[in-house]
Structure formats: structure tokens, C-alpha cells
>>> print(open('run06.csv').read())   # CSV, C-alpha atoms and all ligand atoms
chain,number,residue,atom,x,y,z
A,1,MET,CA,17.2,1.9,26.2
A,2,PRO,CA,15.2,3.0,23.1
A,3,ARG,CA,13.1,6.2,23.3
A,4,SER,CA,9.5,5.3,24.1
A,5,THR,CA,8.0,6.9,21.0
A,6,VAL,CA,5.7,4.1,19.8
A,7,ALA,CA,2.6,3.3,17.7
A,8,ARG,CA,0.5,1.0,19.8
A,9,ILE,CA,-1.7,-1.2,17.7
A,10,ASP,CA,-4.9,-2.5,19.3
A,11,LEU,CA,-5.8,-5.6,17.4
A,12,ASP,CA,-9.1,-6.1,19.3
A,13,ALA,CA,-10.2,-2.7,18.0
A,14,LEU,CA,-9.2,-3.8,14.5
A,15,ARG,CA,-11.4,-6.9,14.8
A,16,PHE,CA,-14.3,-4.8,16.2
A,17,ASN,CA,-14.1,-2.5,13.2
A,18,TYR,CA,-13.9,-5.4,10.8
A,19,ARG,CA,-17.1,-6.9,12.4
A,20,LEU,CA,-18.8,-3.5,12.0
A,21,ALA,CA,-17.8,-3.3,8.4
A,22,SER,CA,-19.1,-6.8,7.8
A,23,GLU,CA,-22.4,-6.0,9.5
A,24,LYS,CA,-22.8,-2.9,7.4
A,25,ALA,CA,-21.9,-4.8,4.3
A,26,GLY,CA,-25.1,-6.9,4.7
A,27,ASN,CA,-25.2,-9.7,2.2
A,28,ALA,CA,-21.8,-8.7,0.7
A,29,ARG,CA,-18.6,-10.0,2.2
A,30,ALA,CA,-16.0,-7.5,3.3
A,31,MET,CA,-12.5,-8.0,1.8
A,32,ALA,CA,-10.0,-6.3,4.1
A,33,VAL,CA,-8.0,-3.5,2.3
A,34,ILE,CA,-4.5,-3.6,4.0
A,35,LYS,CA,-2.3,-1.9,1.4
A,36,ALA,CA,0.4,0.7,2.3
A,37,ASP,CA,1.6,-1.6,5.1
A,38,GLY,CA,-1.8,-2.0,6.6
A,39,TYR,CA,-2.4,1.7,6.4
A,40,GLY,CA,0.7,2.2,8.4
A,41,HIS,CA,-0.1,-0.4,11.1
A,42,GLY,CA,2.1,-3.2,9.9
A,43,ILE,CA,0.7,-5.4,7.2
A,44,ALA,CA,1.7,-8.7,9.0
A,45,ASN,CA,0.1,-7.5,12.2
A,46,ILE,CA,-3.1,-6.6,10.4
A,47,ALA,CA,-3.3,-9.7,8.1
A,48,GLY,CA,-2.6,-12.0,11.0
A,49,ALA,CA,-5.2,-10.4,13.3
A,50,LEU,CA,-7.9,-10.7,10.7
A,51,ALA,CA,-7.0,-14.1,9.3
A,52,LYS,CA,-9.8,-16.0,11.0
A,53,ASP,CA,-12.4,-13.6,9.8
A,54,VAL,CA,-11.7,-12.4,6.3
A,55,GLY,CA,-12.4,-14.2,3.0
A,56,LYS,CA,-10.0,-12.1,1.0
A,57,TYR,CA,-7.5,-9.3,1.5
A,58,ALA,CA,-6.9,-6.4,-1.0
A,59,VAL,CA,-3.6,-4.6,-1.6
A,60,ALA,CA,-2.3,-2.2,-4.3
A,61,CYS,CA,0.6,-4.3,-5.7
A,62,ILE,CA,2.1,-7.8,-5.7
A,63,GLU,CA,4.9,-6.9,-3.3
A,64,GLU,CA,2.3,-6.2,-0.6
A,65,ALA,CA,0.6,-9.5,-1.5
A,66,PHE,CA,3.8,-11.4,-0.9
A,67,ALA,CA,4.2,-9.6,2.4
A,68,ILE,CA,0.8,-11.2,3.4
A,69,ARG,CA,2.0,-14.6,2.3
A,70,ASP,CA,5.3,-14.1,4.3
A,71,SER,CA,3.2,-13.5,7.4
A,72,GLY,CA,1.7,-16.9,6.9
A,73,CYS,CA,-1.9,-15.9,5.8
A,74,ARG,CA,-3.3,-18.0,3.0
A,75,GLN,CA,-6.6,-16.2,1.9
A,76,PRO,CA,-6.8,-14.9,-1.7
A,77,VAL,CA,-5.3,-11.5,-2.2
A,78,VAL,CA,-6.9,-9.0,-4.7
A,79,LEU,CA,-4.3,-6.8,-6.4
A,80,LEU,CA,-6.2,-3.5,-6.9
A,81,GLN,CA,-3.8,-2.2,-9.5
A,82,GLY,CA,-3.5,-5.5,-11.4
A,83,VAL,CA,0.0,-6.4,-12.3
A,84,HIS,CA,3.1,-4.4,-13.4
A,85,ALA,CA,4.7,-7.0,-15.6
A,86,ALA,CA,3.6,-10.1,-17.6
A,87,THR,CA,5.8,-12.3,-15.4
A,88,ASP,CA,3.7,-11.4,-12.4
A,89,PHE,CA,0.9,-13.6,-13.7
A,90,SER,CA,2.7,-16.9,-12.9
A,91,ASP,CA,3.2,-15.6,-9.3
A,92,CYS,CA,-0.5,-14.8,-9.2
A,93,VAL,CA,-1.4,-18.4,-10.2
A,94,ALA,CA,1.1,-19.9,-7.8
A,95,ASN,CA,0.0,-17.7,-4.8
A,96,ASP,CA,-3.7,-17.3,-5.3
A,97,PHE,CA,-3.4,-13.6,-6.0
A,98,GLU,CA,-6.4,-12.1,-8.0
A,99,PRO,CA,-5.3,-9.1,-10.0
A,100,ALA,CA,-8.0,-6.5,-11.0
A,101,LEU,CA,-7.0,-5.8,-14.6
A,102,HIS,CA,-7.6,-2.3,-15.7
A,103,CYS,CA,-6.1,-1.8,-19.2
A,104,HIS,CA,-5.4,-3.4,-22.5
A,105,GLN,CA,-1.7,-3.7,-21.8
A,106,GLN,CA,-2.5,-6.0,-18.8
A,107,LEU,CA,-4.9,-8.1,-21.0
A,108,GLN,CA,-2.1,-8.4,-23.6
A,109,TRP,CA,0.3,-9.7,-21.0
A,110,LEU,CA,-2.5,-12.2,-19.9
A,111,ALA,CA,-2.4,-13.6,-23.4
A,112,ASP,CA,1.2,-14.6,-22.9
A,113,GLY,CA,0.8,-17.3,-20.3
A,114,ALA,CA,-1.3,-19.1,-17.7
A,115,ALA,CA,-4.1,-16.9,-16.4
A,116,PRO,CA,-4.8,-16.6,-12.7
A,117,LYS,CA,-8.3,-15.8,-11.4
A,118,PHE,CA,-8.8,-12.2,-12.2
A,119,TRP,CA,-11.2,-9.2,-12.0
A,120,LEU,CA,-11.9,-6.5,-14.5
A,121,LYS,CA,-11.9,-2.9,-13.3
A,122,VAL,CA,-14.7,-0.8,-14.7
A,123,ASN,CA,-14.4,3.0,-14.9
A,124,THR,CA,-17.7,4.3,-13.8
A,125,GLY,CA,-16.6,7.9,-13.3
A,126,MET,CA,-13.5,8.0,-11.1
A,127,ASN,CA,-11.4,8.2,-14.3
A,128,ARG,CA,-8.3,6.8,-12.7
A,129,LEU,CA,-8.2,3.2,-13.9
A,130,GLY,CA,-10.5,0.8,-15.7
A,131,PHE,CA,-12.3,-0.1,-18.9
A,132,ARG,CA,-15.2,2.1,-20.0
A,133,PRO,CA,-18.6,0.4,-19.8
A,134,ASP,CA,-18.8,0.4,-23.6
A,135,GLU,CA,-15.5,-1.5,-23.9
A,136,LEU,CA,-16.6,-4.4,-21.8
A,137,PRO,CA,-18.4,-6.5,-24.4
A,138,GLY,CA,-15.4,-6.4,-26.7
A,139,VAL,CA,-13.0,-7.1,-23.9
A,140,ILE,CA,-15.0,-10.1,-22.7
A,141,ALA,CA,-15.4,-11.4,-26.3
A,142,ALA,CA,-11.7,-11.3,-26.7
A,143,LEU,CA,-11.2,-13.2,-23.4
A,144,GLU,CA,-13.6,-15.8,-24.7
A,145,ASP,CA,-11.7,-16.2,-27.9
A,146,ALA,CA,-8.4,-16.5,-26.0
A,147,GLY,CA,-10.0,-19.2,-23.7
A,148,GLN,CA,-9.5,-17.0,-20.7
A,149,LYS,CA,-13.0,-16.0,-19.8
A,150,SER,CA,-13.3,-18.9,-17.4
A,151,GLN,CA,-10.7,-17.2,-15.2
A,152,LEU,CA,-12.6,-13.9,-15.0
A,153,ILE,CA,-14.4,-13.9,-11.6
A,154,GLY,CA,-15.9,-10.5,-11.4
A,155,PHE,CA,-16.0,-6.7,-11.8
A,156,VAL,CA,-14.6,-4.0,-9.6
A,157,THR,CA,-15.4,-0.3,-9.6
A,158,HIS,CA,-14.4,2.5,-7.2
A,159,PHE,CA,-16.4,5.5,-5.9
A,160,ALA,CA,-15.1,9.0,-6.2
A,161,CYS,CA,-17.4,10.8,-3.7
A,162,ALA,CA,-18.8,8.3,-1.3
A,163,ASP,CA,-17.4,10.3,1.6
A,164,ASP,CA,-19.7,13.2,0.8
A,165,PRO,CA,-23.3,12.6,1.9
A,166,ASP,CA,-24.5,15.4,-0.3
A,167,SER,CA,-23.0,14.1,-3.5
A,168,THR,CA,-25.1,12.2,-6.0
A,169,MET,CA,-22.1,10.8,-7.8
A,170,THR,CA,-22.1,7.5,-5.9
A,171,ALA,CA,-25.7,6.8,-7.1
A,172,ASP,CA,-24.7,7.7,-10.6
A,173,GLN,CA,-21.7,5.4,-10.5
A,174,THR,CA,-23.8,2.6,-9.0
A,175,ARG,CA,-26.3,2.8,-11.9
A,176,CYS,CA,-23.5,2.9,-14.4
A,177,PHE,CA,-21.9,-0.2,-12.8
A,178,GLU,CA,-25.1,-2.2,-12.8
A,179,ALA,CA,-25.8,-1.4,-16.4
A,180,ALA,CA,-22.2,-2.1,-17.5
A,181,THR,CA,-22.1,-5.5,-15.8
A,182,ALA,CA,-25.7,-6.7,-16.3
A,183,LEU,CA,-24.9,-9.0,-19.2
A,184,TRP,CA,-22.8,-11.2,-17.0
A,185,PRO,CA,-24.9,-12.1,-13.9
A,186,GLU,CA,-22.8,-15.2,-13.3
A,187,LEU,CA,-19.8,-13.0,-12.3
A,188,MET,CA,-19.2,-11.3,-9.0
A,189,ARG,CA,-19.3,-7.6,-8.4
A,190,SER,CA,-17.2,-5.5,-5.9
A,191,VAL,CA,-17.8,-1.9,-4.9
A,192,GLY,CA,-17.6,0.0,-1.7
A,193,ASN,CA,-14.7,1.7,0.0
A,194,SER,CA,-15.3,2.4,3.7
A,195,ALA,CA,-17.5,5.4,3.1
A,196,ALA,CA,-20.0,3.4,1.1
A,197,HIS,CA,-20.7,1.3,4.2
A,198,PHE,CA,-22.0,4.5,5.8
A,199,ARG,CA,-24.4,5.3,3.0
A,200,PRO,CA,-27.8,3.9,3.9
A,201,GLY,CA,-29.2,1.7,1.1
A,202,GLN,CA,-26.0,1.6,-0.9
A,203,PRO,CA,-25.8,-1.8,-2.7
A,204,LEU,CA,-22.4,-3.5,-2.0
A,205,TYR,CA,-23.1,-6.6,-4.2
A,206,ASP,CA,-20.8,-9.6,-3.5
A,207,TRP,CA,-17.7,-8.0,-2.0
A,208,SER,CA,-17.2,-4.7,-0.4
A,209,ARG,CA,-13.7,-3.3,0.2
A,210,PRO,CA,-13.3,-1.4,3.5
A,211,GLY,CA,-10.0,0.1,4.2
A,212,ILE,CA,-9.7,3.2,6.5
A,213,MET,CA,-12.7,2.2,8.7
A,214,LEU,CA,-10.9,-1.0,9.8
A,215,TYR,CA,-8.3,1.2,11.4
A,216,GLY,CA,-10.9,3.3,13.2
A,217,ALA,CA,-10.4,6.5,11.3
A,218,SER,CA,-13.2,8.3,9.5
A,219,PRO,CA,-14.0,7.9,5.8
A,220,MET,CA,-16.7,10.6,6.0
A,221,ILE,CA,-16.4,14.3,5.5
A,222,GLY,CA,-17.0,16.2,8.8
A,223,LYS,CA,-17.1,13.1,11.1
A,224,THR,CA,-14.5,11.4,13.2
A,225,GLY,CA,-14.0,7.7,13.4
A,226,PRO,CA,-15.5,7.4,17.0
A,227,GLU,CA,-18.5,9.5,15.9
A,228,LEU,CA,-19.1,6.7,13.4
A,229,GLY,CA,-18.9,4.0,16.0
A,230,LEU,CA,-15.3,3.0,15.1
A,231,ARG,CA,-12.5,2.3,17.6
A,232,PRO,CA,-9.0,3.7,17.0
A,233,VAL,CA,-6.5,1.0,16.3
A,234,MET,CA,-3.3,3.1,16.5
A,235,THR,CA,-2.3,5.1,19.5
A,236,LEU,CA,0.7,7.2,18.6
A,237,GLN,CA,2.5,8.2,21.8
A,238,ALA,CA,5.8,9.8,22.8
A,239,PRO,CA,7.3,10.8,26.2
A,240,LEU,CA,7.6,14.2,27.7
A,241,ILE,CA,11.3,14.8,27.8
A,242,SER,CA,11.5,18.2,29.2
A,243,THR,CA,9.2,20.7,31.0
A,244,ARG,CA,9.8,24.4,31.7
A,245,THR,CA,7.9,27.6,32.3
A,246,VAL,CA,8.1,30.4,29.8
A,247,GLN,CA,7.3,34.0,30.7
A,248,ALA,CA,5.0,36.3,28.8
A,249,GLY,CA,6.8,37.6,25.7
A,250,GLU,CA,9.0,34.5,25.3
A,251,SER,CA,8.7,32.3,22.2
A,252,ILE,CA,9.1,28.6,21.6
A,253,GLY,CA,10.8,26.8,18.8
A,254,TYR,CA,11.7,27.5,15.2
A,255,GLY,CA,10.6,30.7,13.7
A,256,ALA,CA,9.6,31.9,17.2
A,257,SER,CA,6.1,31.4,15.8
A,258,TRP,CA,4.4,31.1,19.2
A,259,VAL,CA,4.9,33.8,21.8
A,260,ALA,CA,3.5,33.4,25.4
A,261,ASP,CA,1.0,36.0,26.4
A,262,GLN,CA,1.2,34.9,30.0
A,263,GLU,CA,3.4,32.6,32.1
A,264,THR,CA,3.0,29.1,30.6
A,265,ARG,CA,4.1,25.7,31.7
A,266,MET,CA,5.2,23.8,28.6
A,267,GLY,CA,6.7,20.5,27.7
A,268,MET,CA,8.7,19.0,24.9
A,269,VAL,CA,7.6,15.7,23.4
A,270,ALA,CA,10.0,13.3,21.7
A,271,ILE,CA,8.2,13.1,18.3
A,272,GLY,CA,8.3,15.2,15.2
A,273,TYR,CA,7.9,15.2,11.5
A,274,GLY,CA,10.8,12.7,11.2
A,275,ASP,CA,8.4,10.3,12.8
A,276,GLY,CA,5.6,11.2,10.5
A,277,TYR,CA,3.8,13.6,12.8
A,278,PRO,CA,2.5,16.4,10.4
A,279,ARG,CA,4.6,19.6,10.4
A,280,HIS,CA,1.5,21.5,9.3
A,281,ALA,CA,-0.2,20.8,12.7
A,282,GLY,CA,0.0,24.2,14.3
A,283,THR,CA,-0.6,25.8,17.7
A,284,GLY,CA,-3.9,24.5,19.1
A,285,THR,CA,-3.7,21.0,17.6
A,286,PRO,CA,-4.9,18.6,20.3
A,287,ALA,CA,-2.9,16.0,22.1
A,288,ALA,CA,-3.4,14.3,25.5
A,289,VAL,CA,-1.5,13.5,28.6
A,290,GLY,CA,-3.0,11.3,31.4
A,291,GLY,CA,-6.3,11.2,29.4
A,292,LYS,CA,-6.6,15.0,29.5
A,293,ARG,CA,-6.5,17.1,26.3
A,294,ILE,CA,-3.7,19.6,25.8
A,295,ARG,CA,-2.6,21.6,22.8
A,296,LEU,CA,0.5,22.0,20.7
A,297,LEU,CA,2.5,25.2,20.8
A,298,GLY,CA,4.5,26.6,17.9
A,299,ARG,CA,6.1,24.7,15.1
A,300,VAL,CA,6.7,20.9,14.9
A,301,SER,CA,10.4,20.1,14.6
A,302,MET,CA,11.9,16.9,13.1
A,303,ASP,CA,12.3,15.1,16.4
A,304,MET,CA,10.2,17.0,18.9
A,305,LEU,CA,7.2,19.3,19.5
A,306,ALA,CA,6.0,21.5,22.2
A,307,VAL,CA,2.8,21.2,24.2
A,308,ASP,CA,1.0,23.5,26.7
A,309,LEU,CA,0.9,21.8,30.2
A,310,THR,CA,-0.8,24.7,32.0
A,311,MET,CA,-4.0,22.6,32.5
A,312,VAL,CA,-2.1,19.5,33.6
A,313,PRO,CA,0.2,20.6,36.4
A,314,GLU,CA,0.6,16.9,37.4
A,315,ALA,CA,2.3,16.1,34.1
A,316,ARG,CA,5.9,15.0,34.6
A,317,GLU,CA,8.9,14.2,32.4
A,318,GLY,CA,8.7,10.6,31.2
A,319,ASP,CA,4.9,10.7,31.0
A,320,PRO,CA,3.5,9.4,27.7
A,321,VAL,CA,1.8,12.0,25.5
A,322,GLU,CA,-0.9,10.7,23.1
A,323,LEU,CA,-0.6,12.4,19.7
A,324,TRP,CA,-3.6,10.5,18.5
A,325,GLY,CA,-5.6,7.5,19.8
A,326,ALA,CA,-8.5,7.1,22.2
A,327,THR,CA,-8.6,10.7,23.6
A,328,VAL,CA,-7.7,12.6,20.4
A,329,SER,CA,-8.8,11.1,17.1
A,330,VAL,CA,-6.4,11.0,14.2
A,331,ASP,CA,-9.2,12.7,12.2
A,332,GLU,CA,-9.0,15.8,14.5
A,333,VAL,CA,-5.2,16.0,14.1
A,334,ALA,CA,-5.6,15.6,10.4
A,335,ALA,CA,-8.1,18.4,10.2
A,336,CYS,CA,-5.7,20.7,12.1
A,337,ALA,CA,-2.9,19.8,9.6
A,338,GLY,CA,-5.1,20.3,6.5
A,339,THR,CA,-5.0,16.6,5.6
A,340,ILE,CA,-6.9,13.3,6.2
A,341,GLY,CA,-6.4,10.5,8.7
A,342,TYR,CA,-5.3,8.2,5.8
A,343,GLU,CA,-2.2,10.3,5.2
A,344,LEU,CA,-1.3,10.5,8.9
A,345,LEU,CA,-1.6,6.8,9.6
A,346,THR,CA,0.3,5.7,6.5
A,347,GLY,CA,2.9,8.4,7.1
A,348,VAL,CA,4.2,7.2,10.4
A,349,THR,CA,7.8,6.5,9.6
A,350,SER,CA,9.9,3.3,10.2
A,351,ARG,CA,11.6,5.1,13.2
A,352,VAL,CA,8.5,4.4,15.2
A,353,PRO,CA,8.1,0.8,16.3
A,354,ARG,CA,4.6,-0.7,16.0
A,355,VAL,CA,3.8,-2.6,19.1
A,356,CYS,CA,0.7,-4.8,19.1
A,357,GLY,CA,-1.4,-5.2,22.2
B,1,LIG,C1,-9.9,0.3,-5.3
B,1,LIG,C2,-9.9,0.6,-3.8
B,1,LIG,N1,-10.9,0.0,-3.1
B,1,LIG,C3,-11.0,0.2,-1.8
B,1,LIG,C4,-10.2,1.1,-1.1
B,1,LIG,C5,-10.4,1.3,0.4
B,1,LIG,O1,-10.8,2.7,0.6
B,1,LIG,P1,-11.0,3.2,2.0
B,1,LIG,O2,-9.7,3.2,2.7
B,1,LIG,O3,-11.5,4.6,1.8
B,1,LIG,O4,-12.0,2.4,2.7
B,1,LIG,C6,-9.2,1.8,-1.8
B,1,LIG,C7,-8.4,2.7,-1.1
B,1,LIG,O5,-7.8,3.6,-1.7
B,1,LIG,C8,-9.1,1.5,-3.2
B,1,LIG,O6,-8.2,2.1,-3.9
>>> encode(input="run06.csv", output="C-alpha cells")
Amino acid sequence: MPRSTVARIDLDALRFNYRLASEKAGNARAMAVIKADGYGHGIANIAGALAKDVGKYAVACIEEAFAIRDSGCRQPVVLLQGVHAATDFSDCVANDFEPALHCHQQLQWLADGAAPKFWLKVNTGMNRLGFRPDELPGVIAALEDAGQKSQLIGFVTHFACADDPDSTMTADQTRCFEAATALWPELMRSVGNSAAHFRPGQPLYDWSRPGIMLYGASPMIGKTGPELGLRPVMTLQAPLISTRTVQAGESIGYGASWVADQETRMGMVAIGYGDGYPRHAGTGTPAAVGGKRIRLLGRVSMDMLAVDLTMVPEAREGDPVELWGATVSVDEVAACAGTIGYELLTGVTSRVPRVCG
């Protein structure tokens, strides 16, 4: 009998969130960003559940695009980091993968063979990847000379600060992108991580690229997913495997970092950092049992963690504890662990089965 530590994946919630992204995208279409194993939810689960609705998927690399094809889904897949070798282009042609090319090396490789449909990545201020706006005319002239311009389908850029309502950088990047691409109105434009969908009036052009919001976690600083109208897709749960009462003055776990100041009923839960639960989540981090919120006590171990059951005397060994899900948002846990929901969702390890419901 396997332990019942599990990540339950609610595919209806996923589809709900995708519909919300599409509504917020207005006239743009929303390509579903499902890199990093569908943000930890299982790329085949996610691709399959959205297959009827999405026009394109987006992933980081070609291996992830092949995983989508292996799951039987046929929509075009945008490769957000382009390709990693010249030989990848023939796979792109054969499989309808659309790399977003971001550097001269990738254009050089393009010159060596048949070109797939591709995008150009424009650096409007993020300064990670992409061509500077002033490089675009030269790049496109070179593509024309090489007879490859016909395969260029659009421009992509990525926002650095869309999660911060107080930042003006998104508006600056948008202006920069419009100016940089204005000479080629026949080509498509794609901007917009999840956060951009929550910025009123933000243009999203032809294709937006929501990721984290599809999974019900928040892209915005200071808000949880549910506060933004999103439904959590992953419920991470694990059983209570032991309960005991500790007396005032007794400690729990490694480092004896939490010491009871009064008699406390506590429980051990079969999940730890070996499952991807963050070790930095300290005493007070919320969890839930039977729909009631409880709190962590002391340090998270590799395979278990302690919770305070004082407020839930009815809790028994074998009961499932929610580490995040409908009662406790992953964003709250992330805040307690000094990180973001993205890291927690993508960090759930392969020891935890993903079970779709
Ligand atoms: C280029 C690009 N577009 C879109 C996304 C989706 O972003 P988010 O998950 O914040 O919606 C990402 C994610 O990192 C990305 O790198």
C-alpha cells in the first residue's frame, strides 16, 4: 500500500482558469504556457485537459514540446528559448514547433537548413534574451536575403515587472515593443505573462502567454490566486501518521526549534522537503485538516513535518492534511517560506504522484 501523499490535480479548475485568461486576453488568443512539467502538474495532464480549447502551447525547450506530442496533442508549440542546436530545426519543421529565436547564433543555425515557422524575441528591457529593437531591421533584411523571412510569423517580448501594479516598466516595455515592431504590421505580436492579464488596459496584441494563472496561483505581488478569482489546480495532501500531546517545555523536531509553552496536541504529517515541501516554511505556516486551518510547528524534515492539532481535536491518524489547495493557497505557503507559488508548484518532486480528478 503506497503512502497517500499525493498532488491532486483538478482539471476543471485548470479549464476554468484558462477561460478566465482567455476572457482577460480580449481580442488576443491565450497560448497555454505549460513548461516545467506543466508547472509541476504533469505536462501530459495539462496539455490533454486544454487540448480542446488552446490554439498553441508554449514551453521552454524542445524536450518539453516532444512530451506534448507524446501525450497526443497536435497544436503548434512555441519554444520560448528557441533551439539549442541546428539539428533541432528539422524536428521543429516535422512537428510544428515554433521556436522564438533570440540570438545571432540561432539565426546562423537557421541558415543551415529548412526553416520552421518561427518568432523573433525582442529585448524591450528584461535583458535576458532577445534582439535589441535597433537590431531588428538588419536581422529581418538578412532573413529576406536568405529567403527565410516568409517563415517569420511574429515577435515576442517578455515583461519584467508586470506583477507590480506600481511599476511603470510594463508601459515602457509596451511602447518600446510597439515602436520596434511597427515596420512589420503583417506579423503577429505576443506579449503578456499572467500578470499582464490583470493590468487593466494592457494591450496583449495577437497572442498572450499565461502560465501561473492557469494553475490558480497568483502572478501579482501581495495577492493570492483566489483573491484574483482563480481556482487552485493542485491540492497537495499527506496523511497524519502520528498524533501526541507534548507538555510545556518540550520541543519538536530537528534543532528543537519549537518549544511548547503549554500542553499541545500535535501531529506528524508524511511529507517533507524530499517531496518538495519548502524547508523554509517555519512555525505558523498554514495547513488544513478537515477544512480547518492549522499551523506548522518547528522545522520541516525530509519526509515529515509537525502540525498543531490543538484546534482540531477531532483530527485522527490517517486523516489527510492539505498543505496547499482550496483552504490554504500555495501563495500563502510561499510567502511563509520566502518564495513564490511558482517555485513550490514546480518543486513538488517525482516521489509525489499526480492524480487527476
Ligand atoms: C517568455 C515567457 N512567457 C510567458 C511566461 C509565463 O509567465 P507566467 O507564469 O508568469 O504567466 C513565461 C514564464 O516564465 C515566460 O518565460
>>> atom_distance(input="run06.csv", atom1="CA of Ala281 in chain A", atom2="CA of Val333 in chain A")
7.1 Å
>>> atom_distance(input="run06.csv", atom1="CA of Glu322 in chain A", atom2="CA of Glu263 in chain A")
24.1 Å
>>> closest_residue(input="run06.csv", among="A:Ile340, A:Ala13, A:Ile62, A:Ala111", to="Asn95 in chain A", atoms="only C-alpha atoms")
A:Ile62
>>> residues_around(input="run06.csv", residues="Ala49 in chain A", least_positions_apart="4", cutoff="12 Å", atoms="all atoms listed in the file", output="VMD selection string")
chain A and resid 9 to 18 32 34 38 41 to 45 53 to 54 68 71 to 73 214 233 356 to 357
>>> residues_around(input="run06.csv", residues="Val259 in chain A", least_positions_apart="2", cutoff="10 Å", atoms="all atoms listed in the file", output="CSV table (one decimal) with C-alpha atoms, in the coordinates of the input")
chain,number,residue,atom,x,y,z
A,246,VAL,CA,8.1,30.4,29.8
A,247,GLN,CA,7.3,34.0,30.7
A,248,ALA,CA,5.0,36.3,28.8
A,249,GLY,CA,6.8,37.6,25.7
A,250,GLU,CA,9.0,34.5,25.3
A,251,SER,CA,8.7,32.3,22.2
A,252,ILE,CA,9.1,28.6,21.6
A,253,GLY,CA,10.8,26.8,18.8
A,256,ALA,CA,9.6,31.9,17.2
A,257,SER,CA,6.1,31.4,15.8
A,261,ASP,CA,1.0,36.0,26.4
A,262,GLN,CA,1.2,34.9,30.0
A,297,LEU,CA,2.5,25.2,20.8
A,298,GLY,CA,4.5,26.6,17.9
>>> residues_near_ligand(input="run06.csv", ligand="ligand LIG 1 (chain B)", cutoff="8 Å", atoms="only C-alpha atoms and all ligand atoms", output="PyMOL selection string")
chain A and resi 33+58+60+80-81+156-158+191-195+209-214+219+342
>>> write_last_selection(input="run06.csv", atoms="C-alpha atoms", output="compact mmCIF listing (two decimals), keeping the file's coordinate frame")
# COMPACT_ATOMS: atom_id res chain seq x y z
CA VAL A 33 -8.00 -3.50 2.30
CA ALA A 58 -6.90 -6.40 -1.00
CA ALA A 60 -2.30 -2.20 -4.30
CA LEU A 80 -6.20 -3.50 -6.90
CA GLN A 81 -3.80 -2.20 -9.50
CA VAL A 156 -14.60 -4.00 -9.60
CA THR A 157 -15.40 -0.30 -9.60
CA HIS A 158 -14.40 2.50 -7.20
CA VAL A 191 -17.80 -1.90 -4.90
CA GLY A 192 -17.60 0.00 -1.70
CA ASN A 193 -14.70 1.70 0.00
CA SER A 194 -15.30 2.40 3.70
CA ALA A 195 -17.50 5.40 3.10
CA ARG A 209 -13.70 -3.30 0.20
CA PRO A 210 -13.30 -1.40 3.50
CA GLY A 211 -10.00 0.10 4.20
CA ILE A 212 -9.70 3.20 6.50
CA MET A 213 -12.70 2.20 8.70
CA LEU A 214 -10.90 -1.00 9.80
CA PRO A 219 -14.00 7.90 5.80
CA TYR A 342 -5.30 8.20 5.80
>>> closest_residue(input="run06.csv", among="A:Phe97, A:Phe159, A:Trp184, A:Trp324", to="Asp172 in chain A", atoms="all atoms listed in the file")
A:Phe159
>>> residues_around(input="run06.csv", residues="Gln202 in chain A", least_positions_apart="5", cutoff="10 Å", atoms="all atoms listed in the file", output="MDAnalysis selection string")
chainID A and resid 24:25 162 170:171 174 191:192 196:197
>>> atom_distance(input="run06.csv", atom1="CA of Trp258 in chain A", atom2="CA of Thr283 in chain A")
7.4 Å
>>> residues_around(input="run06.csv", residues="Tyr254 in chain A", least_positions_apart="4", cutoff="9 Å", atoms="all atoms listed in the file", output="list in words")
Gly298, Arg299, Val300 and Ser301 of chain A
>>> closest_residue(input="run06.csv", among="A:Val330, A:Ala85, A:Ala315, A:Ala28", to="Leu204 in chain A", atoms="only C-alpha atoms")
A:Ala28
>>> closest_residue(input="run06.csv", among="A:Ala306, A:Val312, A:Ile294, A:Leu344", to="Val328 in chain A", atoms="only C-alpha atoms")
A:Ile294
>>> residues_around(input="run06.csv", residues="Ile221 in chain A", least_positions_apart="4", cutoff="8 Å", atoms="all atoms listed in the file", output="mmCIF file with C-alpha atoms, keeping the file's coordinate frame")
data_model
loop_
_atom_site.group_PDB
_atom_site.id
_atom_site.type_symbol
_atom_site.label_atom_id
_atom_site.label_comp_id
_atom_site.auth_asym_id
_atom_site.auth_seq_id
_atom_site.Cartn_x
_atom_site.Cartn_y
_atom_site.Cartn_z
ATOM 1 C CA ASP A 163 -17.400 10.300 1.600
ATOM 2 C CA ASP A 164 -19.700 13.200 0.800
ATOM 3 C CA PRO A 165 -23.300 12.600 1.900
#
>>> closest_residue(input="run06.csv", among="A:Thr224, A:Val307, A:Gly282, A:Arg293", to="Thr245 in chain A", atoms="all atoms listed in the file")
A:Val307
>>> closest_residue(input="run06.csv", among="A:Met188, A:Arg279, A:Asp331, A:Gly255", to="Met220 in chain A", atoms="only C-alpha atoms")
A:Asp331
>>> axis_aligned_box(input="run06.csv", around="range 5-20 of chain A", padding_each_side="3 Å", output="lines of an AutoDock Vina configuration file")
center_x = -5.4
center_y = 0.0
center_z = 15.9
size_x = 32.8
size_y = 19.8
size_z = 16.2
>>> residues_near_point(input="run06.csv", point="(-6.2, 5.2, 10.7)", cutoff="6 Å", atoms="all atoms listed in the file", output="mmCIF file with C-alpha atoms, in the frame of the given file")
data_model
loop_
_atom_site.group_PDB
_atom_site.id
_atom_site.type_symbol
_atom_site.label_atom_id
_atom_site.label_comp_id
_atom_site.auth_asym_id
_atom_site.auth_seq_id
_atom_site.Cartn_x
_atom_site.Cartn_y
_atom_site.Cartn_z
ATOM 1 C CA ILE A 212 -9.700 3.200 6.500
ATOM 2 C CA TYR A 215 -8.300 1.200 11.400
ATOM 3 C CA GLY A 216 -10.900 3.300 13.200
ATOM 4 C CA ALA A 217 -10.400 6.500 11.300
ATOM 5 C CA GLY A 341 -6.400 10.500 8.700
ATOM 6 C CA TYR A 342 -5.300 8.200 5.800
ATOM 7 C CA LEU A 345 -1.600 6.800 9.600
#
>>> decode(input="run06.csv", residues="range 129-155 of chain A", atoms="C-alpha atoms", output="tab-separated table (two decimals), in the first residue's frame")
chain	number	residue	atom	x	y	z
A	129	LEU	CA	17.14	37.18	-24.14
A	130	GLY	CA	16.31	38.81	-27.45
A	131	PHE	CA	17.37	41.24	-30.14
A	132	ARG	CA	17.58	44.92	-29.36
A	133	PRO	CA	14.96	46.98	-31.18
A	134	ASP	CA	17.65	48.68	-33.28
A	135	GLU	CA	18.91	45.28	-34.48
A	136	LEU	CA	15.57	44.21	-35.95
A	137	PRO	CA	15.78	45.93	-39.36
A	138	GLY	CA	19.16	44.32	-40.03
A	139	VAL	CA	18.03	40.91	-38.80
A	140	ILE	CA	14.94	41.00	-40.98
A	141	ALA	CA	16.86	42.22	-44.02
A	142	ALA	CA	19.22	39.27	-43.56
A	143	LEU	CA	16.28	36.87	-43.32
A	144	GLU	CA	14.89	38.32	-46.54
A	145	ASP	CA	18.24	37.85	-48.28
A	146	ALA	CA	18.36	34.24	-47.09
A	147	GLY	CA	14.80	33.59	-48.31
A	148	GLN	CA	13.63	32.87	-44.74
A	149	LYS	CA	11.53	35.91	-43.98
A	150	SER	CA	8.37	34.06	-45.12
A	151	GLN	CA	8.79	31.70	-42.17
A	152	LEU	CA	8.90	34.52	-39.63
A	153	ILE	CA	5.43	34.69	-38.08
A	154	GLY	CA	5.81	37.21	-35.30
A	155	PHE	CA	7.55	38.97	-32.46
